[in-house]
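Source file: my_file_25.csv (CSV, C-alpha atoms and all ligand atoms)
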```csv
chain,number,residue,atom,x,y,z
A,190,MET,CA,-26.6,11.4,7.0
A,191,PHE,CA,-24.4,8.8,5.4
A,192,ASN,CA,-20.6,8.9,4.9
A,193,SER,CA,-19.3,9.9,1.5
A,194,TYR,CA,-15.8,9.5,0.0
A,195,LYS,CA,-13.9,10.7,-3.0
A,196,ILE,CA,-11.6,8.2,-4.5
A,197,ALA,CA,-9.0,8.9,-7.2
A,198,LEU,CA,-9.1,6.2,-9.8
A,199,ILE,CA,-6.1,5.4,-11.9
A,200,PRO,CA,-7.0,2.5,-14.2
A,201,GLY,CA,-3.6,2.8,-15.8
A,202,ASP,CA,-2.1,0.5,-18.5
A,203,GLY,CA,-2.7,-2.9,-20.0
A,204,THR,CA,-5.1,-5.0,-18.1
A,205,GLY,CA,-5.3,-2.4,-15.3
A,206,PRO,CA,-8.6,-0.8,-16.5
A,207,GLU,CA,-10.2,-4.3,-17.0
A,208,VAL,CA,-9.5,-5.4,-13.4
A,209,ILE,CA,-10.2,-2.0,-11.8
A,210,LYS,CA,-13.6,-1.8,-13.4
A,211,GLU,CA,-14.6,-5.0,-11.6
A,212,GLY,CA,-13.1,-3.6,-8.4
A,213,VAL,CA,-15.2,-0.5,-8.7
A,214,LYS,CA,-18.3,-2.6,-9.4
A,215,VAL,CA,-17.8,-4.6,-6.3
A,216,VAL,CA,-16.8,-1.6,-4.1
A,217,GLU,CA,-19.9,0.3,-5.3
A,218,THR,CA,-22.1,-2.7,-4.5
A,219,ALA,CA,-20.7,-2.9,-1.0
A,220,ALA,CA,-21.1,0.9,-0.5
A,221,LYS,CA,-24.8,0.7,-1.6
A,222,LYS,CA,-25.5,-2.1,0.7
A,223,ASN,CA,-23.8,-0.4,3.7
A,224,ASN,CA,-25.3,3.0,3.0
A,225,PHE,CA,-22.3,5.1,2.2
A,226,ARG,CA,-21.4,6.9,-1.0
A,227,ILE,CA,-18.2,6.7,-3.1
A,228,ASP,CA,-17.4,9.0,-5.9
A,229,PHE,CA,-14.6,7.8,-8.2
A,230,ILE,CA,-12.7,10.5,-10.1
A,231,ASN,CA,-10.8,9.2,-13.1
A,232,TYR,CA,-7.2,10.0,-13.9
A,233,ASP,CA,-5.7,8.9,-17.1
A,234,LEU,CA,-2.1,8.5,-15.9
A,235,GLY,CA,0.1,5.9,-17.4
A,236,GLY,CA,2.0,4.8,-20.5
A,237,LYS,CA,-0.7,5.8,-23.0
A,238,ARG,CA,-0.8,9.4,-21.8
A,239,TYR,CA,2.9,9.6,-21.6
A,240,LEU,CA,3.4,8.4,-25.2
A,241,LYS,CA,0.8,10.9,-26.4
A,242,THR,CA,1.6,14.0,-24.4
A,243,GLY,CA,5.0,13.4,-22.7
A,244,GLU,CA,3.3,14.0,-19.4
A,245,ILE,CA,4.0,11.5,-16.6
A,246,LEU,CA,2.5,13.0,-13.4
A,247,PRO,CA,1.8,16.7,-13.2
A,248,ASP,CA,2.5,18.4,-9.9
A,249,SER,CA,-1.1,19.7,-9.9
A,250,VAL,CA,-2.4,16.1,-9.8
A,251,ILE,CA,-0.4,15.3,-6.7
A,252,GLU,CA,-1.9,18.3,-5.0
A,253,GLU,CA,-5.4,17.1,-6.0
A,254,PHE,CA,-4.7,13.6,-4.7
A,255,LYS,CA,-3.9,15.0,-1.3
A,256,LYS,CA,-7.6,15.9,-1.0
A,257,PHE,CA,-8.9,12.4,-1.7
A,258,SER,CA,-9.9,9.7,0.8
A,259,ALA,CA,-7.7,7.2,-1.1
A,260,ILE,CA,-6.3,6.3,-4.5
A,261,TYR,CA,-7.3,3.1,-6.4
A,262,LEU,CA,-4.8,2.0,-9.0
A,263,GLY,CA,-5.0,-0.7,-11.7
A,264,ALA,CA,-1.5,-1.0,-13.1
A,265,ILE,CA,1.3,1.1,-14.5
A,266,GLY,CA,3.7,0.0,-17.2
A,267,HIS,CA,3.8,0.0,-21.0
A,268,PRO,CA,5.8,-2.2,-23.3
A,269,GLU,CA,6.8,0.8,-25.5
A,270,VAL,CA,8.1,2.8,-22.5
A,271,LYS,CA,11.6,2.1,-21.2
A,272,PRO,CA,11.4,0.3,-17.8
A,273,GLY,CA,11.8,2.7,-14.9
A,274,ILE,CA,10.2,5.9,-16.4
A,275,LEU,CA,6.6,5.2,-15.4
A,276,GLU,CA,7.4,3.2,-12.3
A,277,LYS,CA,9.6,5.9,-10.9
A,278,GLY,CA,7.6,8.8,-12.4
A,279,ILE,CA,4.2,7.7,-11.2
A,280,LEU,CA,4.2,4.8,-8.7
A,281,LEU,CA,7.4,5.6,-6.7
A,282,ARG,CA,6.8,9.4,-6.9
A,283,LEU,CA,3.3,9.0,-5.4
A,284,ARG,CA,4.7,6.8,-2.6
A,285,PHE,CA,7.3,9.4,-1.8
A,286,GLU,CA,5.3,12.6,-2.2
A,287,LEU,CA,2.2,11.3,-0.3
A,288,ASP,CA,4.6,9.8,2.2
A,289,GLN,CA,3.0,6.3,1.9
A,290,TYR,CA,5.6,4.8,4.2
A,291,ILE,CA,4.1,1.4,4.6
A,292,ASN,CA,3.7,-1.2,1.9
A,293,LEU,CA,1.2,-3.6,3.2
A,294,ARG,CA,0.9,-7.1,1.7
A,295,PRO,CA,-1.5,-9.6,3.2
A,296,VAL,CA,-0.6,-13.1,2.2
A,297,LYS,CA,-3.5,-15.5,2.7
A,298,LEU,CA,-4.5,-18.7,0.9
A,299,TYR,CA,-8.2,-18.6,0.1
A,300,PRO,CA,-10.3,-21.7,-0.3
A,301,ASN,CA,-10.1,-23.5,-3.6
A,302,VAL,CA,-6.9,-21.5,-4.5
A,303,GLU,CA,-4.0,-23.6,-5.6
A,304,THR,CA,-0.7,-23.1,-3.9
A,305,PRO,CA,2.5,-24.5,-5.4
A,306,LEU,CA,3.5,-25.6,-1.9
A,307,LYS,CA,2.9,-29.3,-1.4
A,308,ASP,CA,1.0,-30.3,1.7
A,309,LYS,CA,0.2,-26.7,2.7
A,310,GLU,CA,-3.4,-25.6,3.5
A,311,ALA,CA,-5.2,-22.4,4.0
A,312,GLU,CA,-4.5,-22.4,7.7
A,313,ASP,CA,-0.7,-22.6,7.0
A,314,ILE,CA,-0.6,-19.5,4.7
A,315,ASP,CA,-1.8,-16.5,6.5
A,316,MET,CA,0.7,-13.7,7.2
A,317,ILE,CA,1.1,-10.0,6.6
A,318,ILE,CA,4.3,-8.4,5.3
A,319,VAL,CA,5.0,-4.9,6.3
A,320,ARG,CA,7.5,-3.4,3.9
A,321,GLU,CA,9.0,0.0,4.5
A,322,ASN,CA,8.0,2.0,1.4
A,323,THR,CA,10.0,5.3,1.2
A,324,GLU,CA,13.6,4.6,2.1
A,325,GLY,CA,16.3,2.0,1.6
A,326,LEU,CA,17.5,1.4,-1.9
A,327,TYR,CA,14.5,3.1,-3.4
A,328,THR,CA,15.3,6.8,-2.7
A,329,GLY,CA,17.4,7.2,-5.8
A,330,SER,CA,20.4,8.2,-3.8
A,331,GLY,CA,23.7,7.5,-5.6
A,332,GLY,CA,25.1,8.2,-9.0
A,333,PHE,CA,27.7,7.4,-11.6
A,334,LEU,CA,31.3,8.3,-11.9
A,335,LYS,CA,33.1,8.2,-15.2
A,336,LYS,CA,29.9,7.0,-16.9
A,337,ASP,CA,30.4,5.0,-20.1
A,338,THR,CA,34.1,4.5,-19.6
A,339,LEU,CA,35.8,1.3,-18.6
A,340,GLN,CA,36.4,2.8,-15.2
A,341,GLU,CA,32.7,3.5,-14.6
A,342,VAL,CA,31.5,3.4,-11.0
A,343,ALA,CA,27.8,3.0,-10.1
A,344,ILE,CA,26.8,3.8,-6.5
A,345,GLN,CA,23.3,3.0,-5.3
A,346,GLU,CA,22.9,3.9,-1.6
A,347,SER,CA,20.5,2.4,0.9
A,348,ILE,CA,19.1,5.2,3.1
A,349,ASN,CA,17.8,4.1,6.5
A,350,THR,CA,16.8,6.8,9.0
A,351,ARG,CA,16.0,6.2,12.6
A,352,PHE,CA,12.8,8.1,12.0
A,353,GLY,CA,11.8,6.1,9.0
A,354,VAL,CA,12.7,2.7,10.4
A,355,GLU,CA,11.0,3.4,13.7
A,356,ARG,CA,7.7,4.5,12.3
A,357,CYS,CA,7.6,1.4,10.1
A,358,ILE,CA,8.5,-0.9,13.0
A,359,ARG,CA,5.9,0.8,15.3
A,360,TYR,CA,3.2,0.3,12.6
A,361,ALA,CA,4.2,-3.4,12.4
A,362,PHE,CA,4.0,-3.9,16.2
A,363,GLU,CA,0.6,-2.2,16.3
A,364,LEU,CA,-0.7,-4.3,13.5
A,365,THR,CA,0.5,-7.5,15.1
A,366,LYS,CA,-1.3,-6.5,18.3
A,367,LYS,CA,-4.5,-5.5,16.5
A,368,ARG,CA,-4.5,-8.7,14.4
A,369,GLY,CA,-4.1,-10.9,17.4
A,370,LYS,CA,-3.3,-14.0,15.5
A,371,ASN,CA,0.0,-15.4,16.9
A,372,ASN,CA,1.2,-12.2,18.4
A,373,LYS,CA,4.5,-12.7,16.6
A,374,LEU,CA,6.5,-10.1,14.7
A,375,THR,CA,9.5,-11.2,12.6
A,376,LEU,CA,12.1,-8.7,11.6
A,377,CYS,CA,13.6,-9.6,8.3
A,378,GLY,CA,17.1,-8.2,7.5
A,379,LYS,CA,20.7,-9.1,6.8
A,380,THR,CA,22.5,-8.4,10.1
A,381,ASN,CA,25.3,-10.7,9.2
A,382,VAL,CA,26.5,-8.5,6.3
A,383,LEU,CA,24.7,-5.2,6.4
A,384,THR,CA,26.3,-4.2,9.7
A,385,TYR,CA,25.1,-0.6,9.5
A,386,ALA,CA,21.6,-0.7,7.9
A,387,SER,CA,20.3,-3.9,9.4
A,388,ASP,CA,22.0,-3.0,12.7
A,389,LEU,CA,19.9,0.2,12.9
A,390,TRP,CA,16.8,-1.9,12.1
A,391,GLN,CA,17.6,-4.5,14.8
A,392,ARG,CA,18.4,-1.9,17.5
A,393,THR,CA,15.3,0.1,16.7
A,394,PHE,CA,13.2,-3.1,16.8
A,395,ASN,CA,14.6,-4.1,20.2
A,396,ILE,CA,13.8,-0.7,21.6
A,397,VAL,CA,10.2,-0.6,20.3
A,398,ALA,CA,9.7,-4.3,21.4
A,399,LYS,CA,10.1,-3.2,25.0
A,400,GLU,CA,6.7,-1.4,24.7
A,401,TYR,CA,5.0,-4.6,23.4
A,402,THR,CA,5.7,-7.2,26.0
A,403,LYS,CA,2.9,-9.5,24.8
A,404,ILE,CA,4.4,-9.7,21.3
A,405,LYS,CA,7.1,-12.3,20.5
A,406,GLY,CA,9.8,-10.6,18.5
A,407,ASP,CA,11.8,-12.8,16.1
A,408,TYR,CA,14.5,-12.3,13.5
A,409,VAL,CA,15.3,-13.9,10.2
A,410,ASN,CA,17.9,-13.1,7.6
A,411,VAL,CA,16.4,-12.3,4.2
A,412,ASP,CA,18.0,-15.2,2.4
A,413,ALA,CA,16.8,-17.7,5.0
A,414,ALA,CA,13.3,-16.0,4.9
A,415,CYS,CA,13.1,-17.1,1.3
A,416,MET,CA,13.6,-20.7,2.4
A,417,TRP,CA,11.3,-20.6,5.4
A,418,ILE,CA,8.4,-18.8,3.7
A,419,VAL,CA,8.4,-21.7,1.3
A,420,LYS,CA,9.1,-24.5,3.7
A,421,ASN,CA,7.2,-23.4,6.8
A,422,PRO,CA,4.9,-20.5,6.0
A,423,GLU,CA,2.9,-21.3,9.1
A,424,TRP,CA,5.8,-19.9,11.2
A,425,PHE,CA,5.0,-16.4,10.1
A,426,ASP,CA,2.4,-14.0,11.5
A,427,VAL,CA,3.6,-10.5,10.7
A,428,ILE,CA,7.0,-9.8,9.0
A,429,VAL,CA,8.6,-6.3,8.9
A,430,THR,CA,11.4,-5.5,6.5
A,431,ASP,CA,13.1,-2.8,4.4
A,432,ASN,CA,12.0,-1.6,1.0
A,433,LEU,CA,14.1,-3.9,-1.3
A,434,PHE,CA,13.9,-7.0,0.8
A,435,GLY,CA,10.2,-6.4,1.1
A,436,ASP,CA,9.9,-6.1,-2.7
A,437,ILE,CA,11.5,-9.4,-3.1
A,438,ILE,CA,9.8,-11.5,-0.4
A,439,THR,CA,6.4,-10.1,-1.2
A,440,ASP,CA,6.6,-11.6,-4.7
A,441,LEU,CA,7.7,-14.9,-3.3
A,442,ALA,CA,4.8,-14.7,-0.9
A,443,ALA,CA,2.4,-13.8,-3.6
A,444,ILE,CA,3.1,-17.0,-5.5
A,445,ILE,CA,2.4,-19.2,-2.4
A,446,GLN,CA,-1.0,-17.5,-2.0
A,447,GLY,CA,-2.0,-18.4,-5.5
A,448,GLY,CA,-0.2,-15.7,-7.6
A,449,MET,CA,-0.8,-12.4,-9.1
A,450,GLY,CA,-4.5,-13.0,-9.7
A,451,VAL,CA,-5.1,-12.8,-6.0
A,452,ALA,CA,-2.3,-10.7,-4.5
A,453,ALA,CA,-3.3,-7.2,-3.4
A,454,GLY,CA,-1.4,-4.5,-1.7
A,455,GLY,CA,-1.7,-1.1,-0.1
A,456,ASN,CA,0.7,1.9,-0.1
A,457,ILE,CA,-0.3,3.3,3.2
A,458,ASN,CA,0.2,6.7,4.9
A,459,PRO,CA,-1.6,6.1,8.2
A,460,GLU,CA,-2.0,9.8,8.7
A,461,GLY,CA,-2.7,10.7,5.0
A,462,VAL,CA,-3.8,9.4,1.6
A,463,SER,CA,-3.2,5.8,0.8
A,464,MET,CA,-3.1,3.9,-2.5
A,465,PHE,CA,-4.3,0.4,-3.2
A,466,GLU,CA,-3.5,-1.9,-6.1
A,467,PRO,CA,-3.5,-5.4,-7.4
A,468,MET,CA,0.1,-6.7,-7.6
A,469,GLY,CA,-0.2,-8.2,-11.1
A,470,GLY,CA,1.1,-5.4,-13.2
A,471,SER,CA,-0.2,-4.4,-16.6
A,472,ALA,CA,0.1,-7.8,-18.3
A,473,PRO,CA,0.3,-6.5,-21.9
A,474,LYS,CA,0.0,-10.0,-23.3
A,475,TYR,CA,-3.5,-10.3,-21.9
A,476,THR,CA,-4.8,-6.8,-22.6
A,477,GLY,CA,-8.3,-6.5,-23.9
A,478,LEU,CA,-9.0,-10.2,-23.7
A,479,ASN,CA,-11.1,-10.1,-20.5
A,480,VAL,CA,-9.2,-13.1,-19.1
A,481,ILE,CA,-7.4,-11.7,-16.1
A,482,ASN,CA,-8.6,-12.7,-12.6
A,483,PRO,CA,-9.9,-9.5,-11.0
A,484,ILE,CA,-9.8,-10.9,-7.4
A,485,ALA,CA,-6.5,-9.1,-6.6
A,486,ALA,CA,-8.0,-5.7,-7.7
A,487,ILE,CA,-11.2,-6.5,-5.7
A,488,SER,CA,-9.2,-7.4,-2.6
A,489,ALA,CA,-7.3,-4.1,-3.0
A,490,GLY,CA,-10.7,-2.5,-2.8
A,491,THR,CA,-11.3,-4.4,0.4
A,492,MET,CA,-8.1,-3.1,1.9
A,493,MET,CA,-9.1,0.4,0.7
A,494,LEU,CA,-12.5,0.2,2.5
A,495,GLU,CA,-10.8,-1.1,5.6
A,496,THR,CA,-8.3,1.8,5.6
A,497,ILE,CA,-11.0,4.5,5.2
A,498,GLY,CA,-12.9,2.9,8.1
A,499,GLU,CA,-15.7,1.1,6.3
A,500,LEU,CA,-15.0,-2.2,8.0
A,501,LYS,CA,-18.4,-3.8,7.5
A,502,ALA,CA,-18.3,-3.2,3.7
A,503,ALA,CA,-14.7,-4.5,3.6
A,504,LYS,CA,-15.8,-7.7,5.4
A,505,ASP,CA,-18.8,-8.1,3.0
A,506,ILE,CA,-16.4,-8.1,0.0
A,507,ASP,CA,-14.0,-10.5,1.6
A,508,ASN,CA,-16.9,-12.9,2.4
A,509,ALA,CA,-18.2,-12.5,-1.1
A,510,VAL,CA,-14.7,-13.4,-2.6
A,511,ILE,CA,-14.6,-16.5,-0.4
A,512,LYS,CA,-18.1,-17.5,-1.4
A,513,ALA,CA,-17.2,-17.0,-5.1
A,514,LEU,CA,-14.1,-19.2,-4.7
A,515,LYS,CA,-16.0,-21.8,-2.7
A,516,SER,CA,-18.6,-22.0,-5.5
A,517,GLY,CA,-16.0,-23.7,-7.6
A,518,LYS,CA,-17.0,-21.6,-10.6
A,519,ILE,CA,-13.6,-20.0,-10.9
A,520,LYS,CA,-11.4,-22.7,-12.2
A,521,SER,CA,-7.9,-21.2,-11.7
A,522,MET,CA,-6.3,-17.9,-10.5
A,523,SER,CA,-4.1,-17.7,-13.6
A,524,ALA,CA,-4.8,-15.4,-16.6
A,525,GLY,CA,-6.6,-17.3,-19.4
A,526,LYS,CA,-7.5,-20.3,-17.2
A,527,THR,CA,-10.1,-18.8,-14.9
A,528,GLY,CA,-13.0,-20.4,-16.6
A,529,LEU,CA,-15.1,-17.3,-16.1
A,530,SER,CA,-14.2,-14.0,-17.8
A,531,THR,CA,-12.9,-11.0,-15.8
A,532,THR,CA,-16.3,-9.4,-16.0
A,533,LYS,CA,-18.1,-12.5,-15.0
A,534,ILE,CA,-15.9,-13.0,-11.9
A,535,GLY,CA,-16.7,-9.4,-10.9
A,536,ASP,CA,-20.4,-10.0,-11.4
A,537,LEU,CA,-20.3,-13.2,-9.4
A,538,ILE,CA,-18.6,-11.5,-6.4
A,539,ALA,CA,-20.9,-8.5,-6.6
A,540,SER,CA,-23.9,-10.9,-6.6
A,541,TYR,CA,-22.7,-12.4,-3.3
A,542,ILE,CA,-22.7,-9.0,-1.5
A,601,LIG,C1,6.0,-3.4,-6.3
A,601,LIG,C2,6.6,-3.2,-7.7
A,601,LIG,C3,7.3,-1.8,-7.7
A,601,LIG,C4,8.4,-1.9,-6.7
A,601,LIG,C5,7.9,-1.5,-9.1
A,601,LIG,C6,6.8,-1.5,-10.2
A,601,LIG,C7,8.6,-0.1,-9.1
A,601,LIG,O1,7.4,-4.2,-8.0
A,601,LIG,O2,5.1,-2.6,-5.9
A,601,LIG,O3,6.4,-4.3,-5.6
A,601,LIG,O4,9.5,-2.3,-6.9
A,601,LIG,O5,8.1,-1.4,-5.6
A,602,MN,MN,7.6,-5.7,-6.5
```

Can the structure in the file be given as structure tokens, please?
Ligand code: IPM
Ligand code: MN
Amino acid sequence: MFNSYKIALIPGDGTGPEVIKEGVKVVETAAKKNNFRIDFINYDLGGKRYLKTGEILPDSVIEEFKKFSAIYLGAIGHPEVKPGILEKGILLRLRFELDQYINLRPVKLYPNVETPLKDKEAEDIDMIIVRENTEGLYTGSGGFLKKDTLQEVAIQESINTRFGVERCIRYAFELTKKRGKNNKLTLCGKTNVLTYASDLWQRTFNIVAKEYTKIKGDYVNVDAACMWIVKNPEWFDVIVTDNLFGDIITDLAAIIQGGMGVAAGGNINPEGVSMFEPMGGSAPKYTGLNVINPIAAISAGTMMLETIGELKAAKDIDNAVIKALKSGKIKSMSAGKTGLSTTKIGDLIASYI
């Protein structure tokens, strides 16, 4: 008997379908090689469907998603839809309803990938950012008073629960231990100003740290983190942080690993259904041109296979990506400059599996 998985596929908007197609190609090749079966079930969520039918994310679809092994997402976002509607209605709603409380962002510089950091090499840029994914400033807590008057008040609250903070910090300590790189976990916060929220994070971190005596705990303020990630990325092994700080520093980190063409992420529920995506967004400008680098989508596939437990297949894809990059055939990570088309890069990587 071989293992078999059902994956919900959301190609989504813009260049999402183009890159996810290459991801599916490579994941299926790795599945065949490693004797397991993956069935992808397509969901046409996104801007197009919303504009046509007014539907964003039906409740019934969320129920269906709960039965899958994972969700594989291309991109969500449409130039004709007001910012926030699809992001909140699809992406954030899935994170909340499926309780994907970890946003996992590996930041690794692969061979032949250009970093904007002068004098930094692959060995200097290899960290993982663990971002809390269901609390903080993302819960939608808050509101307006006296809206549309000159006395208007807007309140946006950062919600931090001991439960939510602790499970995120525990996940980060476990990951640091499992990874075994430098055994260093850095908490990123703003304890000098956010004397309630960051204080809860710091105290919880210190309590959990007592159970992990072999892991060096460290702390950095988020503003300083933006300097050090650029100046000394080699200092970082695993970083744990809240939702908004994590959103910001992961984009910064994405650019030092070569940009959106290579950055992949996972929205993880360690006890439930997780969702994997390239970080690049829908890139409307490049839609239909077959010029986007699909490596981010393919690496999101790697993370997906790792999470469902197909470690050998995940390793095969990662090795194939490295081999493809080492071949020198892919000229750049940036859209329109890759040398090979989206499809050809997918073919090349699949051929190395
Ligand atoms: C991300 C994205 C999302 C976020 C947006 C699209 C809502 O930027 O996954 O980092 O802010 O979390
Ligand atoms: Mn972001």

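Among the candidates A:Cys357, A:Cys377, A:Val270, A:Leu441, the one nearest to ligand MN 602 (chain A) when counting only C-alpha atoms and all ligand atoms is A:Leu441.
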
> Using only C-alpha atoms and all ligand atoms, which residue out of A:Val208, A:Ala413, A:Ile251, A:Leu283 lies closest to ligand LIG 601 (chain A)?
Replying inline: A:Leu283

>> Which residues are near A:Thr527? Cut-off 9 Å, all atoms listed in the file, ignore same chain within fewer than 5 positions. Put them as a ChimeraX atom specification.
In response: /A:480-482,518-522,534

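You can rank A:Gly353, A:Gly369, A:Pro422, A:Gly454 by their closest distance to ligand LIG 601 (chain A) using only C-alpha atoms and all ligand atoms, and at the top of that list sits A:Gly454.
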
> Between A:Pro483, A:Gly477, A:Gly447, A:Gly470, which is the closest to A:Ala311 once you count all atoms listed in the file?
Replying inline: A:Gly447

> What's the 10 Å shell around A:Thr328, counting only C-alpha atoms, without same-chain residues fewer than 5 positions away, as a VMD selection string?
Replying inline: chain A and resid 281 to 282 285 322 to 323 345 to 349 432

Can you write out the residues you just picked, keeping C-alpha atoms, as a JSON list (two decimals), keeping the file's coordinate frame?
```json
[["chain", "number", "residue", "atom", "x", "y", "z"],
["A", 281, "LEU", "CA", 7.40, 5.60, -6.70],
["A", 282, "ARG", "CA", 6.80, 9.40, -6.90],
["A", 285, "PHE", "CA", 7.30, 9.40, -1.80],
["A", 322, "ASN", "CA", 8.00, 2.00, 1.40],
["A", 323, "THR", "CA", 10.00, 5.30, 1.20],
["A", 345, "GLN", "CA", 23.30, 3.00, -5.30],
["A", 346, "GLU", "CA", 22.90, 3.90, -1.60],
["A", 347, "SER", "CA", 20.50, 2.40, 0.90],
["A", 348, "ILE", "CA", 19.10, 5.20, 3.10],
["A", 349, "ASN", "CA", 17.80, 4.10, 6.50],
["A", 432, "ASN", "CA", 12.00, -1.60, 1.00]]
```

> For the atom pair atom CA of A:Ile457 and atom CA of A:Leu293, what is the interatomic distance in Å to one decimal place?
Replying inline: 7.1 Å

>> Which residues are near ligand LIG 601 (chain A) - at most 10 Å, using only C-alpha atoms and all ligand atoms? Format: as an MDAnalysis selection string.
In response: chainID A and resid 264:266 272:282 284 292:294 320 322:323 327 432:433 435:440 453:456 466:471

Which residues, written as a PDB file with C-alpha atoms, in the frame of the given file, have at least one atom at most 10 Å from A:Arg226, with all atoms listed in the file counted and residues fewer than 4 positions away on the same chain left out?
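The resulting file, result-v5.pdb, is reproduced below:
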```
ATOM      1  CA  PHE A 191     -24.400   8.800   5.400  1.00  0.00           C
ATOM      2  CA  ASN A 192     -20.600   8.900   4.900  1.00  0.00           C
ATOM      3  CA  SER A 193     -19.300   9.900   1.500  1.00  0.00           C
ATOM      4  CA  TYR A 194     -15.800   9.500   0.000  1.00  0.00           C
ATOM      5  CA  LYS A 195     -13.900  10.700  -3.000  1.00  0.00           C
ATOM      6  CA  GLU A 217     -19.900   0.300  -5.300  1.00  0.00           C
ATOM      7  CA  ALA A 219     -20.700  -2.900  -1.000  1.00  0.00           C
ATOM      8  CA  ALA A 220     -21.100   0.900  -0.500  1.00  0.00           C
ATOM      9  CA  LYS A 221     -24.800   0.700  -1.600  1.00  0.00           C
TER      10      LYS A 221
END
```

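Minimum atom-to-atom distances from A:Phe434, A:Gly325, A:Val250, A:Tyr299 to ligand MN 602 (chain A) were compared using all atoms listed in the file, and the lowest value belongs to A:Phe434.
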
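Of the residues under consideration (A:Ala442, A:Leu494, A:Leu246, A:Val382), A:Ala442 shows the shortest atom-to-atom contact distance to ligand MN 602 (chain A) when counting all atoms listed in the file.
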
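Our summary of the geometry notes that atom CA of A:Lys309 is positioned 8.8 Å from atom CA of A:Glu423.
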
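Every residue within 12 Å of the file position (-7.2, 17.6, -0.5), judged by all atoms listed in the file, is given as Tyr194, Lys195, Ile196, Ala197, Ser249, Val250, Ile251, Glu252, Glu253, Phe254, Lys255, Lys256, Phe257, Ser258, Ala259, Leu287, Gly461 and Val462 of chain A.
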
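Selecting by distance to (24.8, -9.0, 6.5) with a limit of 12 Å and using all atoms listed in the file, one obtains Cys377, Gly378, Lys379, Thr380, Asn381, Val382, Leu383, Thr384, Tyr385, Ala386, Ser387, Asp388, Gln391, Val409, Asn410, Val411, Asp412 and Ala413 of chain A.
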
Residues just named, written with C-alpha atoms as a compact mmCIF listing (two decimals), in the coordinates of the input:
```txt
# COMPACT_ATOMS: atom_id res chain seq x y z
CA CYS A 377 13.60 -9.60 8.30
CA GLY A 378 17.10 -8.20 7.50
CA LYS A 379 20.70 -9.10 6.80
CA THR A 380 22.50 -8.40 10.10
CA ASN A 381 25.30 -10.70 9.20
CA VAL A 382 26.50 -8.50 6.30
CA LEU A 383 24.70 -5.20 6.40
CA THR A 384 26.30 -4.20 9.70
CA TYR A 385 25.10 -0.60 9.50
CA ALA A 386 21.60 -0.70 7.90
CA SER A 387 20.30 -3.90 9.40
CA ASP A 388 22.00 -3.00 12.70
CA GLN A 391 17.60 -4.50 14.80
CA VAL A 409 15.30 -13.90 10.20
CA ASN A 410 17.90 -13.10 7.60
CA VAL A 411 16.40 -12.30 4.20
CA ASP A 412 18.00 -15.20 2.40
CA ALA A 413 16.80 -17.70 5.00
```

> Quick one: distance from atom CA of A:Val510 to atom CA of A:Ser463 in Å, one decimal?
Replying inline: 22.6 Å

>> When you look at A:Pro459 with a cut-off of 9 Å (counting only C-alpha atoms), what residues show up, excluding the ones that are within fewer than 6 positions of it in the same chain? I need them as a PyMOL selection string.
In response: chain A and resi 289-291+360+496

> Quick one: residues within 7 Å of A:Gly235, all atoms listed in the file counted, chain neighbours fewer than 2 positions away excluded, as a VMD selection string?
Replying inline: chain A and resid 201 to 202 233 237 to 239 245 265 to 266 275
